[in-house]
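Notes follow once the structure below has been shown.
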Amino acid sequence: MKNSVIVVGAGGAGLVAALNAHKSGAKVIVITKEYPTRSQTSMAQGGINAALSNIEEDSIELHVQNTLKSAHGLANIDAVNFLCQSAPEAVMWLDSIGVPFSRTKENKIAQRKLGGAYAARACYAQDYTGLKILHTLYDRCLAEGIEILNERYLLEFITCFDKDKPFVSGVSVLNKRDGEVEIYEAQSVVVATGGYSRVFHNYSTNSVASSGDGIASAFRAGARVSDMEFIQFHPTALKNSSILISESARGAGGYLVNSMGDRFTNELAPRDEVARAINDEILKGNDVFLDIRHLGEEFIKNELPQEAKLAKLYENIDPVYDLIPIKPAAHYTMGGIEVDENSSTCIDGLYAVGECANHKVHGANRLGGNSLLELIVFGKQAGESAAKYAKNFDKTTDMSGQKNIADEQIREIKEHKNKINFYAKQRELGELFYKYVGIKRDKLSLQNVLNEVIKIKKDLQKMGVSDKTKEYNTNLIEFLEFKNMLELCELILISALSRQESRGAHFRVDAPNINEKFEAHTVVSKERVVSYEN
Amino acid sequence: MKINIKRESVAQYDVEIEGVTLLEVLNEIKTKVDPSIAYSSGCRSSVCGSCAVRVNGREVLACVCHVKDGDLIEPLKNSEVIRDLVVNMDRAYGFNAKAKAWQSSIAENISLSHEDEKRNALQSDCILCGSCYSACPVYAVNSEFLGPFSLTRVWRYVSDKREQNPKEKIDNIQTNGVWDCTLCNECTLVCPQSISSKADIEKLRARSVMFGYTDPSFSNFGGGLSF
């Protein structure tokens, strides 16, 4: 069908892109491996940044300044300006479609201060900001009659060539329910599949679905990826389960204390600094706790209900009376698919948005409250760009044979000898990554982990699925996710090894200072060659 | 600890771990014992709504529920089972569209107070886990019932000052809607977010009456013809 846009991924970024492509006149289909409301966006608690000055004086300039500072020289100034300038409008739009933001006594949208911000800038809905934004976007998509195909796992972005230039012509997906490969043709495709924090396995705050599928598939299709080594560790994940306790707990005045009960860092410094300070305490043999007892029962009940519930459920403590045991955990991946000022990748018709994309607004370290903002601002841009491209599309495509190719890939995996349990490898890899590719890194350890990743990749033929059935084979889906994560692990390691300096979330013990030579974006080519570009 | 999982038939698994959530037990079985077992999960922190199942007949989130020896784990009711503990939620979620659970138009520059926020803060906590839908007994007699979560969602929008046309919302939930509920309260008892769809349905009934609707079973009473 002419004029059609496929959006892969149905979190905040995907749904905003879908709404805007639809509004621009395109026929839109959203494809998700889960259901829209189950996406990672539901887990965002803190808020969405916009310089509204509802609580205290703030300005777009200040928002830009804070974002750039946190990015440590790696952000694109034009992109950051666009993001921050568009922020008030983005929040007003969310308000206009019914997002139930918290309100002040003066009937304004309530805002709170998050780490690295000079003003109370994050608009929130109690501590369910992401959940309420995501569900409202979903309801809006239903109102607009946008078609959503649930439980389809992305296999590949299909490309054709016009002379030597690649362009996207559709996607292949595995229908999880009946196990059949499906091919969808479209003039443009938006990738909105989320980040790759789950390479840290149990040491990540993320949903189990954050396996970076879209980035790996786009890379295979020939898209460029960049800044993959920049992975943000959230300072306060629950100690046992890695479940997130929002920054808003510290923004409201929560303390970080060690085993002796002493505070040891500025709780509201940017996330990379706080995470490193906590890591140092843990390496000294201390336990680290978040202390919000002094905020009082009433405040915790009203402003931090989810935090209180999670602490009770997963650590069996009541934060009104007890310290909350915490550790840093992988939370957000700054790197991703390279996009230009229209959210376009280097493949014509292929757009990317959200955590899977690198719009170069977060640089070496994302500011809290900027990721929900990014979804709205660039989701609109990606949706509009994709619709415009689809409208003007005039190339001929050939999709024949695509189903056979995908069928063959699935058949081949099912024939692997299942001698090594890939789940065990996945767990081991997560532990290696947390220890050596996490908050602090050095050349030797990175090289060792890279060797291990290459070894696991070679052994993939000996790993496989014991479940050979077609219907709802999660064993197969999880193996495909594992394969994608392995590819991304290699890209992360190559990038981290190459960047011999410390900047933002990337801290090299053997090169602890910032080095101007590296004030550029890390790009990895298909041949796995690293280059630096501005 | 032995737990029983409803698959094609009931399968029993003996696991070493205790004092953990059902989701952790399922992960243990899947990654170490039997990779063929199918269930859904996501956030592990009770906000994505993926992992609702029934334990000993009662709807729970697997990431919240602590299991004990002898427990029986089954998929949700009222939805087609795809495999093991996974059900197809398309039909259930489809009721959100049938109930028109959205704001009817874009509303700009409407000032909301802290009290306005509180009016539907709880209803907008819904994670669409489907527990209430599974527990609802009305589906045994009316498969077209709009259902608890969809009606809670309608109340969320109707109760919001930004809704410009509440009557249209109310008009839409008269058939297979508010009056089909038996007010049994099962939905309230199983909601992991402490939402009471029953209470929301009662509020929607009150609003319906304000718009001139009456309980259809009540009007039958008046005519005396049903008896």
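Going by the structure tokens order, chains are called A, B, ..., each with residues numbered from 1, while ligands are numbered from 1 in the order shown.
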Q) Within 12 Å of Ile106 of chain B, counting only C-alpha atoms, which residues qualify if same-chain residues fewer than 3 places away don't, as a list in words? A)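 Residues near the query, excluding close chain neighbours: Met92, Trp93, Leu94, Asp95, Ser96, Ile97, Gly98, Val99, Arg140, Ala143 and Glu144 of chain A; Trp102, Gln103, Asn109, Ile110, Lys161, Arg162, Glu163, Gln164 and Asn165 of chain B.
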Just list as a tab-separated table (two decimals) with N, CA and C atoms, in the first residue's frame whatever in segment 6-202 of chain B DSSP marks as alpha helix (DSSP H).
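Contents of selection10.tsv, freshly written:
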chain	number	residue	atom	x	y	z
B	22	LEU	N	6.85	-15.40	42.64
B	22	LEU	CA	6.48	-16.41	41.65
B	22	LEU	C	7.26	-16.18	40.36
B	23	LEU	N	7.46	-14.92	39.98
B	23	LEU	CA	8.19	-14.65	38.74
B	23	LEU	C	9.61	-15.21	38.82
B	24	GLU	N	10.26	-15.05	39.98
B	24	GLU	CA	11.60	-15.61	40.12
B	24	GLU	C	11.59	-17.13	40.03
B	25	VAL	N	10.54	-17.73	40.56
B	25	VAL	CA	10.41	-19.20	40.47
B	25	VAL	C	10.23	-19.61	39.00
B	26	LEU	N	9.38	-18.88	38.28
B	26	LEU	CA	9.16	-19.20	36.86
B	26	LEU	C	10.46	-19.03	36.07
B	27	ASN	N	11.21	-17.96	36.36
B	27	ASN	CA	12.49	-17.74	35.68
B	27	ASN	C	13.46	-18.89	35.97
B	28	GLU	N	13.45	-19.35	37.21
B	28	GLU	CA	14.32	-20.46	37.62
B	28	GLU	C	13.96	-21.72	36.81
B	90	ASP	N	-5.87	-9.41	23.24
B	90	ASP	CA	-6.42	-8.52	22.20
B	90	ASP	C	-7.90	-8.21	22.42
B	91	ARG	N	-8.67	-9.26	22.69
B	91	ARG	CA	-10.11	-9.05	22.86
B	91	ARG	C	-10.39	-8.20	24.10
B	92	ALA	N	-9.70	-8.53	25.19
B	92	ALA	CA	-9.90	-7.77	26.44
B	92	ALA	C	-9.56	-6.30	26.22
B	93	TYR	N	-8.39	-6.03	25.67
B	93	TYR	CA	-7.98	-4.64	25.45
B	93	TYR	C	-8.88	-3.95	24.42
B	94	GLY	N	-9.48	-4.76	23.54
B	94	GLY	CA	-10.39	-4.22	22.54
B	94	GLY	C	-11.57	-3.49	23.16
B	95	PHE	N	-11.91	-3.85	24.41
B	95	PHE	CA	-13.03	-3.18	25.07
B	95	PHE	C	-12.72	-1.72	25.39
B	96	ASN	N	-11.43	-1.38	25.50
B	96	ASN	CA	-11.09	0.04	25.69
B	96	ASN	C	-11.56	0.86	24.50
B	97	ALA	N	-11.40	0.29	23.30
B	97	ALA	CA	-11.84	1.00	22.10
B	97	ALA	C	-13.36	1.03	22.03
B	98	LYS	N	-14.00	-0.12	22.36
B	98	LYS	CA	-15.46	-0.15	22.32
B	98	LYS	C	-16.07	0.82	23.34
B	114	HIS	N	-5.25	20.94	42.29
B	114	HIS	CA	-4.77	19.76	43.01
B	114	HIS	C	-5.93	18.80	43.30
B	115	GLU	N	-7.10	19.36	43.60
B	115	GLU	CA	-8.29	18.54	43.87
B	115	GLU	C	-8.74	17.83	42.58
B	116	ASP	N	-8.67	18.55	41.46
B	116	ASP	CA	-9.01	17.92	40.17
B	116	ASP	C	-8.09	16.74	39.89
B	117	GLU	N	-6.82	16.94	40.21
B	117	GLU	CA	-5.84	15.86	40.00
B	117	GLU	C	-6.22	14.63	40.80
B	118	LYS	N	-6.62	14.85	42.05
B	118	LYS	CA	-6.93	13.72	42.95
B	118	LYS	C	-8.15	12.94	42.48
B	119	ARG	N	-9.03	13.61	41.71
B	119	ARG	CA	-10.27	12.99	41.30
B	119	ARG	C	-10.06	11.70	40.50
B	120	ASN	N	-9.01	11.66	39.69
B	120	ASN	CA	-8.78	10.43	38.93
B	120	ASN	C	-7.33	9.94	38.98
B	121	ALA	N	-6.62	10.38	40.02
B	121	ALA	CA	-5.22	9.93	40.18
B	121	ALA	C	-5.19	8.41	40.33
B	131	SER	N	-6.25	-8.40	35.58
B	131	SER	CA	-6.71	-9.20	36.72
B	131	SER	C	-8.21	-9.06	36.94
B	132	CYS	N	-8.69	-7.81	36.88
B	132	CYS	CA	-10.12	-7.56	37.12
B	132	CYS	C	-10.97	-8.24	36.04
B	133	TYR	N	-10.48	-8.19	34.81
B	133	TYR	CA	-11.18	-8.78	33.68
B	133	TYR	C	-11.32	-10.29	33.88
B	134	SER	N	-10.25	-10.89	34.39
B	134	SER	CA	-10.25	-12.33	34.63
B	134	SER	C	-11.20	-12.71	35.77
B	135	ALA	N	-11.26	-11.84	36.79
B	135	ALA	CA	-12.06	-12.15	37.98
B	135	ALA	C	-13.55	-11.84	37.78
B	148	PRO	N	-14.52	-4.33	33.72
B	148	PRO	CA	-14.08	-3.42	34.79
B	148	PRO	C	-13.00	-2.42	34.37
B	149	PHE	N	-11.88	-2.87	33.74
B	149	PHE	CA	-10.82	-1.89	33.50
B	149	PHE	C	-11.22	-0.84	32.47
B	150	SER	N	-12.03	-1.25	31.48
B	150	SER	CA	-12.44	-0.28	30.46
B	150	SER	C	-13.37	0.77	31.07
B	151	LEU	N	-14.25	0.33	31.98
B	151	LEU	CA	-15.18	1.28	32.59
B	151	LEU	C	-14.45	2.21	33.56
B	152	THR	N	-13.45	1.66	34.28
B	152	THR	CA	-12.62	2.53	35.12
B	152	THR	C	-11.93	3.59	34.27
B	153	ARG	N	-11.49	3.17	33.10
B	153	ARG	CA	-10.83	4.10	32.17
B	153	ARG	C	-11.80	5.18	31.69
B	154	VAL	N	-13.05	4.78	31.43
B	154	VAL	CA	-14.06	5.77	31.02
B	154	VAL	C	-14.26	6.77	32.16
B	155	TRP	N	-14.36	6.26	33.41
B	155	TRP	CA	-14.53	7.18	34.54
B	155	TRP	C	-13.34	8.14	34.65
B	156	ARG	N	-12.15	7.60	34.41
B	156	ARG	CA	-10.96	8.46	34.45
B	156	ARG	C	-11.17	9.67	33.54
B	157	TYR	N	-11.65	9.44	32.32
B	157	TYR	CA	-11.80	10.56	31.38
B	157	TYR	C	-13.05	11.39	31.66
B	158	VAL	N	-14.15	10.72	32.02
B	158	VAL	CA	-15.40	11.46	32.30
B	158	VAL	C	-15.21	12.40	33.49
B	166	PRO	N	-18.82	14.88	28.14
B	166	PRO	CA	-19.02	13.71	28.99
B	166	PRO	C	-20.28	12.92	28.64
B	167	LYS	N	-21.30	13.61	28.12
B	167	LYS	CA	-22.54	12.90	27.82
B	167	LYS	C	-22.32	11.83	26.76
B	168	GLU	N	-21.52	12.17	25.76
B	168	GLU	CA	-21.23	11.20	24.71
B	168	GLU	C	-20.56	9.96	25.30
B	169	LYS	N	-19.66	10.17	26.27
B	169	LYS	CA	-18.99	9.05	26.94
B	169	LYS	C	-20.03	8.20	27.69
B	170	ILE	N	-20.94	8.88	28.38
B	170	ILE	CA	-21.96	8.17	29.16
B	170	ILE	C	-22.93	7.44	28.23
B	171	ASP	N	-23.32	8.08	27.13
B	171	ASP	CA	-24.22	7.45	26.16
B	171	ASP	C	-23.66	6.10	25.70
B	186	GLU	N	-15.56	-8.33	42.95
B	186	GLU	CA	-14.41	-9.20	42.72
B	186	GLU	C	-13.24	-8.42	42.11
B	187	CYS	N	-13.56	-7.48	41.20
B	187	CYS	CA	-12.51	-6.69	40.53
B	187	CYS	C	-11.68	-5.92	41.54
B	188	THR	N	-12.36	-5.35	42.54
B	188	THR	CA	-11.66	-4.56	43.55
B	188	THR	C	-10.70	-5.43	44.34
B	189	LEU	N	-11.16	-6.62	44.67
B	189	LEU	CA	-10.36	-7.49	45.53
B	189	LEU	C	-9.06	-7.94	44.87
B	190	VAL	N	-9.06	-8.04	43.53
B	190	VAL	CA	-7.85	-8.55	42.87
B	190	VAL	C	-6.96	-7.45	42.30
B	197	SER	N	-12.97	-0.88	40.42
B	197	SER	CA	-13.80	-0.66	39.24
B	197	SER	C	-15.27	-0.64	39.63
B	198	LYS	N	-15.62	-1.43	40.62
B	198	LYS	CA	-17.00	-1.45	41.09
B	198	LYS	C	-17.42	-0.04	41.53
B	199	ALA	N	-16.58	0.61	42.32
B	199	ALA	CA	-16.90	1.96	42.78
B	199	ALA	C	-16.96	2.93	41.59
B	200	ASP	N	-16.06	2.74	40.62
B	200	ASP	CA	-16.07	3.62	39.44
B	200	ASP	C	-17.35	3.42	38.63
B	201	ILE	N	-17.78	2.16	38.55
B	201	ILE	CA	-19.02	1.86	37.82
B	201	ILE	C	-20.21	2.50	38.53
B	202	GLU	N	-20.18	2.48	39.86
B	202	GLU	CA	-21.27	3.13	40.61
B	202	GLU	C	-21.30	4.64	40.33
Q: May I ask for the distance between atom CA of Asn302 of chain A and atom CA of Arg103 of chain A, given in Å to one decimal place?
A: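 Atom CA of Arg103 of chain A lies 12.4 Å from atom CA of Asn302 of chain A.
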Q.
Within 6 Å of chain B, which residues belong to chain A? Use only C-alpha atoms and report them as a ChimeraX atom specification.
A. /A:38,96-97,103,107,139,142,207-208,423,467,475
Selection export as an mmCIF file, in the first residue's frame, atoms kept: C-alpha atoms:
data_model
loop_
_atom_site.group_PDB
_atom_site.id
_atom_site.type_symbol
_atom_site.label_atom_id
_atom_site.label_comp_id
_atom_site.auth_asym_id
_atom_site.auth_seq_id
_atom_site.Cartn_x
_atom_site.Cartn_y
_atom_site.Cartn_z
ATOM 1 C CA ARG A 38 3.846 -3.021 28.769
ATOM 2 C CA SER A 96 -4.129 18.654 26.133
ATOM 3 C CA ILE A 97 -4.617 14.924 25.481
ATOM 4 C CA ARG A 103 -0.810 20.122 40.101
ATOM 5 C CA ASN A 107 -3.452 25.188 39.511
ATOM 6 C CA ASP A 139 -5.712 5.774 24.530
ATOM 7 C CA LEU A 142 -7.152 4.056 19.988
ATOM 8 C CA SER A 207 12.305 -4.447 31.689
ATOM 9 C CA VAL A 208 13.452 -7.841 30.433
ATOM 10 C CA TYR A 423 20.526 -18.673 29.735
ATOM 11 C CA ASP A 467 11.694 -26.050 22.578
ATOM 12 C CA ASN A 475 12.635 -20.016 24.399
#
Q.
Could you pull out the strand (DSSP E) residues of chain B, going by DSSP on the backbone, and write them as a PyMOL selection string?
A. chain B and resi 2-6+10-14+52-55+58-61+72-74+81-83+86-87
For the residues in the current selection, export N, CA and C atoms as a short mmCIF file (atom, residue, chain, number, x, y, z; two decimals), in the first residue's frame.
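For reference, selection.cif as written:
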data_model
loop_
_atom_site.label_atom_id
_atom_site.label_comp_id
_atom_site.auth_asym_id
_atom_site.auth_seq_id
_atom_site.Cartn_x
_atom_site.Cartn_y
_atom_site.Cartn_z
N LYS B 2 7.35 -27.64 46.00
CA LYS B 2 6.72 -28.11 44.76
C LYS B 2 5.62 -27.13 44.36
N ILE B 3 5.67 -26.71 43.09
CA ILE B 3 4.54 -25.90 42.63
C ILE B 3 3.95 -26.52 41.37
N ASN B 4 2.66 -26.30 41.21
CA ASN B 4 1.92 -26.92 40.10
C ASN B 4 1.53 -25.86 39.10
N ILE B 5 1.84 -26.13 37.85
CA ILE B 5 1.55 -25.14 36.81
C ILE B 5 0.63 -25.74 35.76
N LYS B 6 -0.46 -25.05 35.50
CA LYS B 6 -1.42 -25.52 34.51
C LYS B 6 -0.84 -25.30 33.13
N VAL B 10 -1.79 -30.34 34.29
CA VAL B 10 -1.05 -29.71 35.39
C VAL B 10 0.32 -30.38 35.53
N ALA B 11 1.39 -29.55 35.46
CA ALA B 11 2.74 -30.08 35.60
C ALA B 11 3.30 -29.65 36.95
N GLN B 12 4.01 -30.57 37.60
CA GLN B 12 4.58 -30.22 38.90
C GLN B 12 6.08 -29.98 38.78
N TYR B 13 6.56 -28.90 39.39
CA TYR B 13 7.99 -28.59 39.38
C TYR B 13 8.49 -28.52 40.81
N ASP B 14 9.67 -29.12 41.00
CA ASP B 14 10.30 -29.09 42.32
C ASP B 14 11.45 -28.10 42.25
N ALA B 52 0.31 -10.99 35.08
CA ALA B 52 -0.83 -11.44 35.88
C ALA B 52 -1.17 -12.90 35.56
N VAL B 53 -1.34 -13.69 36.61
CA VAL B 53 -1.76 -15.10 36.50
C VAL B 53 -2.70 -15.36 37.67
N ARG B 54 -3.15 -16.62 37.79
CA ARG B 54 -3.95 -16.96 38.97
C ARG B 54 -3.18 -17.94 39.85
N VAL B 55 -3.13 -17.66 41.13
CA VAL B 55 -2.53 -18.58 42.09
C VAL B 55 -3.64 -19.07 43.00
N ARG B 58 -6.83 -17.21 42.50
CA ARG B 58 -6.90 -15.77 42.74
C ARG B 58 -5.89 -15.03 41.84
N GLU B 59 -6.36 -13.96 41.17
CA GLU B 59 -5.51 -13.20 40.27
C GLU B 59 -4.42 -12.45 41.04
N VAL B 60 -3.18 -12.58 40.58
CA VAL B 60 -2.05 -11.86 41.20
C VAL B 60 -1.04 -11.50 40.12
N LEU B 61 -0.16 -10.56 40.43
CA LEU B 61 1.00 -10.33 39.57
C LEU B 61 2.10 -11.29 40.03
N LEU B 72 -1.06 -23.78 43.12
CA LEU B 72 -1.44 -24.06 41.74
C LEU B 72 -1.45 -22.76 40.93
N ILE B 73 -0.69 -22.73 39.85
CA ILE B 73 -0.58 -21.53 39.03
C ILE B 73 -1.34 -21.76 37.72
N GLU B 74 -2.26 -20.84 37.39
CA GLU B 74 -3.06 -20.99 36.18
C GLU B 74 -3.10 -19.68 35.41
N VAL B 81 -6.41 -18.91 26.03
CA VAL B 81 -5.04 -19.29 26.41
C VAL B 81 -4.26 -19.58 25.14
N ILE B 82 -3.12 -18.91 24.96
CA ILE B 82 -2.29 -19.20 23.79
C ILE B 82 -1.39 -20.39 24.12
N ARG B 83 -0.75 -20.31 25.26
CA ARG B 83 0.08 -21.42 25.70
C ARG B 83 0.40 -21.25 27.19
N VAL B 86 0.18 -17.95 29.19
CA VAL B 86 0.03 -16.78 28.31
C VAL B 86 -1.37 -16.76 27.69
N VAL B 87 -2.06 -15.65 27.89
CA VAL B 87 -3.38 -15.50 27.26
C VAL B 87 -3.32 -14.38 26.23
#
Q) Using only C-alpha atoms, which of the listed residues (A:Lys27, A:Lys132, A:His359, A:Lys176) sits closest to Asp227 of chain A? A) A:His359
Could the residues of segment 385-462 of chain A that have an atom at most 10 Å from segment 493-501 of chain A be listed as a tab-separated table, each with its closest atom pair and the distance in Å to one decimal, counting only C-alpha atoms and ordered by chain and ascending residue number?
residue	atom	partner	partner_atom	distance
A:Phe433	CA	A:Leu493	CA	9.6
A:Val437	CA	A:Leu493	CA	7.7
A:Arg441	CA	A:Ala496	CA	8.3
A:Asp442	CA	A:Leu497	CA	8.0
A:Lys443	CA	A:Leu497	CA	6.1
A:Leu444	CA	A:Leu497	CA	9.0
A:Ser445	CA	A:Leu497	CA	9.5
A:Leu446	CA	A:Leu493	CA	6.4
A:Gln447	CA	A:Leu497	CA	7.3
A:Asn448	CA	A:Leu493	CA	9.9
A:Val449	CA	A:Leu493	CA	7.8
A:Leu450	CA	A:Leu493	CA	6.1
A:Asn451	CA	A:Leu493	CA	9.8
A:Val453	CA	A:Leu493	CA	9.2
(Q) So the first atom is atom CA of Ala269 of chain A and the second is atom CA of Asn370 of chain A; what is the distance between them in Å, to one decimal place? (A) 15.6 Å
Q: Might you pull out every residue within 6 Å of segment 154-171 of chain A, with only C-alpha atoms counted and same-chain residues fewer than 3 positions away left off, and present them as an MDAnalysis selection string?
A: chainID A and resid 183:187 217 347:350
Go ahead and write the residues just picked, C-alpha atoms, as a compact mmCIF listing (two decimals), in the first residue's frame.
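As written to disk, selection-v1.txt reads:
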# COMPACT_ATOMS: atom_id res chain seq x y z
CA ILE A 183 6.52 -9.65 6.04
CA TYR A 184 5.16 -6.10 6.15
CA GLU A 185 5.86 -3.74 3.30
CA ALA A 186 6.02 0.00 3.94
CA GLN A 187 7.55 3.07 2.37
CA SER A 217 18.67 -5.21 13.36
CA ILE A 347 19.23 4.20 5.21
CA ASP A 348 16.58 6.11 3.25
CA GLY A 349 13.13 5.75 4.79
CA LEU A 350 14.44 4.29 8.04
Q. Of the residues B:Thr182, B:Ser9, B:Asn56, B:Ser196, which is the one nearest to Pro137 of chain B, using only C-alpha atoms?
A.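 With only C-alpha atoms as the atom set, the closest residue is B:Thr182.
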Need the shell around Leu480 of chain A: protein/DNA/RNA residues with any atom at most 12 Å away, counting only C-alpha atoms. Skip same-chain ones fewer than 4 positions apart. Format as a CSV table (one decimal) with N, CA and C atoms, in the first residue's frame?
chain,number,residue,atom,x,y,z
A,153,TYR,N,7.6,-10.2,17.0
A,153,TYR,CA,9.0,-9.9,17.3
A,153,TYR,C,9.8,-9.5,16.0
A,154,LEU,N,10.5,-8.4,16.1
A,154,LEU,CA,11.2,-7.9,14.9
A,154,LEU,C,12.4,-8.8,14.6
A,155,LEU,N,12.4,-9.2,13.3
A,155,LEU,CA,13.5,-10.0,12.8
A,155,LEU,C,14.5,-9.1,12.1
A,156,GLU,N,14.1,-8.6,10.9
A,156,GLU,CA,15.0,-7.7,10.2
A,156,GLU,C,14.3,-6.5,9.5
A,173,VAL,N,8.9,-10.0,10.6
A,173,VAL,CA,8.7,-10.2,12.1
A,173,VAL,C,8.2,-11.6,12.3
A,174,LEU,N,8.4,-12.1,13.5
A,174,LEU,CA,7.9,-13.4,13.9
A,174,LEU,C,6.7,-13.2,14.8
A,209,ALA,N,12.5,-6.8,28.4
A,209,ALA,CA,12.4,-6.6,27.0
A,209,ALA,C,13.5,-5.7,26.4
A,211,SER,N,16.3,-5.4,25.1
A,211,SER,CA,17.4,-6.2,24.6
A,211,SER,C,18.0,-5.6,23.3
A,212,GLY,N,17.6,-4.3,23.0
A,212,GLY,CA,18.3,-3.6,21.9
A,212,GLY,C,18.0,-4.2,20.5
A,213,ASP,N,16.9,-4.9,20.3
A,213,ASP,CA,16.6,-5.6,19.1
A,213,ASP,C,16.7,-4.7,17.9
A,214,GLY,N,16.1,-3.5,18.0
A,214,GLY,CA,16.0,-2.6,16.9
A,214,GLY,C,17.4,-2.1,16.5
A,216,ALA,N,20.3,-3.7,16.9
A,216,ALA,CA,21.1,-4.8,16.3
A,216,ALA,C,20.5,-5.0,14.9
A,217,SER,N,19.2,-5.0,14.7
A,217,SER,CA,18.7,-5.2,13.4
A,217,SER,C,19.1,-4.1,12.4
A,409,GLN,N,16.3,-18.8,8.5
A,409,GLN,CA,17.0,-18.4,9.7
A,409,GLN,C,16.4,-19.1,11.0
A,410,ILE,N,15.1,-19.1,11.0
A,410,ILE,CA,14.5,-19.7,12.2
A,410,ILE,C,14.7,-21.2,12.2
A,413,ILE,N,18.3,-22.0,13.4
A,413,ILE,CA,18.4,-21.9,14.8
A,413,ILE,C,17.9,-23.2,15.5
A,414,LYS,N,16.7,-23.6,15.0
A,414,LYS,CA,16.1,-24.8,15.7
A,414,LYS,C,16.9,-26.0,15.5
A,422,PHE,N,22.2,-21.3,26.9
A,422,PHE,CA,22.4,-19.9,26.7
A,422,PHE,C,21.9,-19.0,27.8
A,423,TYR,N,21.0,-19.5,28.6
A,423,TYR,CA,20.5,-18.7,29.7
A,423,TYR,C,21.7,-18.5,30.8
A,460,LEU,N,27.9,-20.0,19.5
A,460,LEU,CA,26.4,-19.9,19.4
A,460,LEU,C,25.8,-21.2,18.7
A,463,MET,N,24.7,-23.5,21.1
A,463,MET,CA,23.5,-23.1,21.9
A,463,MET,C,22.3,-23.0,21.1
A,464,GLY,N,21.2,-23.2,21.7
A,464,GLY,CA,20.0,-23.1,20.8
A,464,GLY,C,18.8,-23.3,21.7
A,465,VAL,N,17.7,-23.8,21.1
A,465,VAL,CA,16.5,-23.9,21.8
A,465,VAL,C,16.1,-25.4,21.9
A,473,ASN,N,6.7,-19.6,21.4
A,473,ASN,CA,8.0,-20.2,21.8
A,473,ASN,C,8.9,-19.1,22.4
A,474,THR,N,8.8,-18.9,23.7
A,474,THR,CA,9.6,-17.8,24.3
A,474,THR,C,11.0,-18.2,24.4
A,475,ASN,N,11.3,-19.5,24.4
A,475,ASN,CA,12.6,-20.0,24.4
A,475,ASN,C,13.4,-19.5,23.1
A,476,LEU,N,12.7,-19.6,22.0
A,476,LEU,CA,13.2,-19.1,20.7
A,476,LEU,C,13.4,-17.6,20.8
A,484,ASN,N,21.0,-10.8,19.6
A,484,ASN,CA,21.1,-9.4,19.4
A,484,ASN,C,21.9,-8.7,20.5
A,485,MET,N,21.7,-9.1,21.7
A,485,MET,CA,22.5,-8.5,22.8
A,485,MET,C,24.0,-8.8,22.7
A,486,LEU,N,24.3,-10.0,22.2
A,486,LEU,CA,25.7,-10.4,22.0
A,486,LEU,C,26.4,-9.4,20.9
A,487,GLU,N,25.6,-9.2,19.9
A,487,GLU,CA,26.2,-8.2,18.8
A,487,GLU,C,26.4,-6.9,19.4
Q | Atom pair atom CA of Ala10 of chain A / atom CA of Ala125 of chain A: separation (Å) | A |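 So the answer is 20.7 Å.
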Q | Spatial neighbours of segment 249-263 of chain A, max dist 9 Å, only C-alpha atoms, sep filter under 5 positions, as an NGL selection string | A | :A and (46 or 112-115 or 120 or 268 or 278 or 281-282 or 285-295 or 300 or 303-304 or 307 or 323)
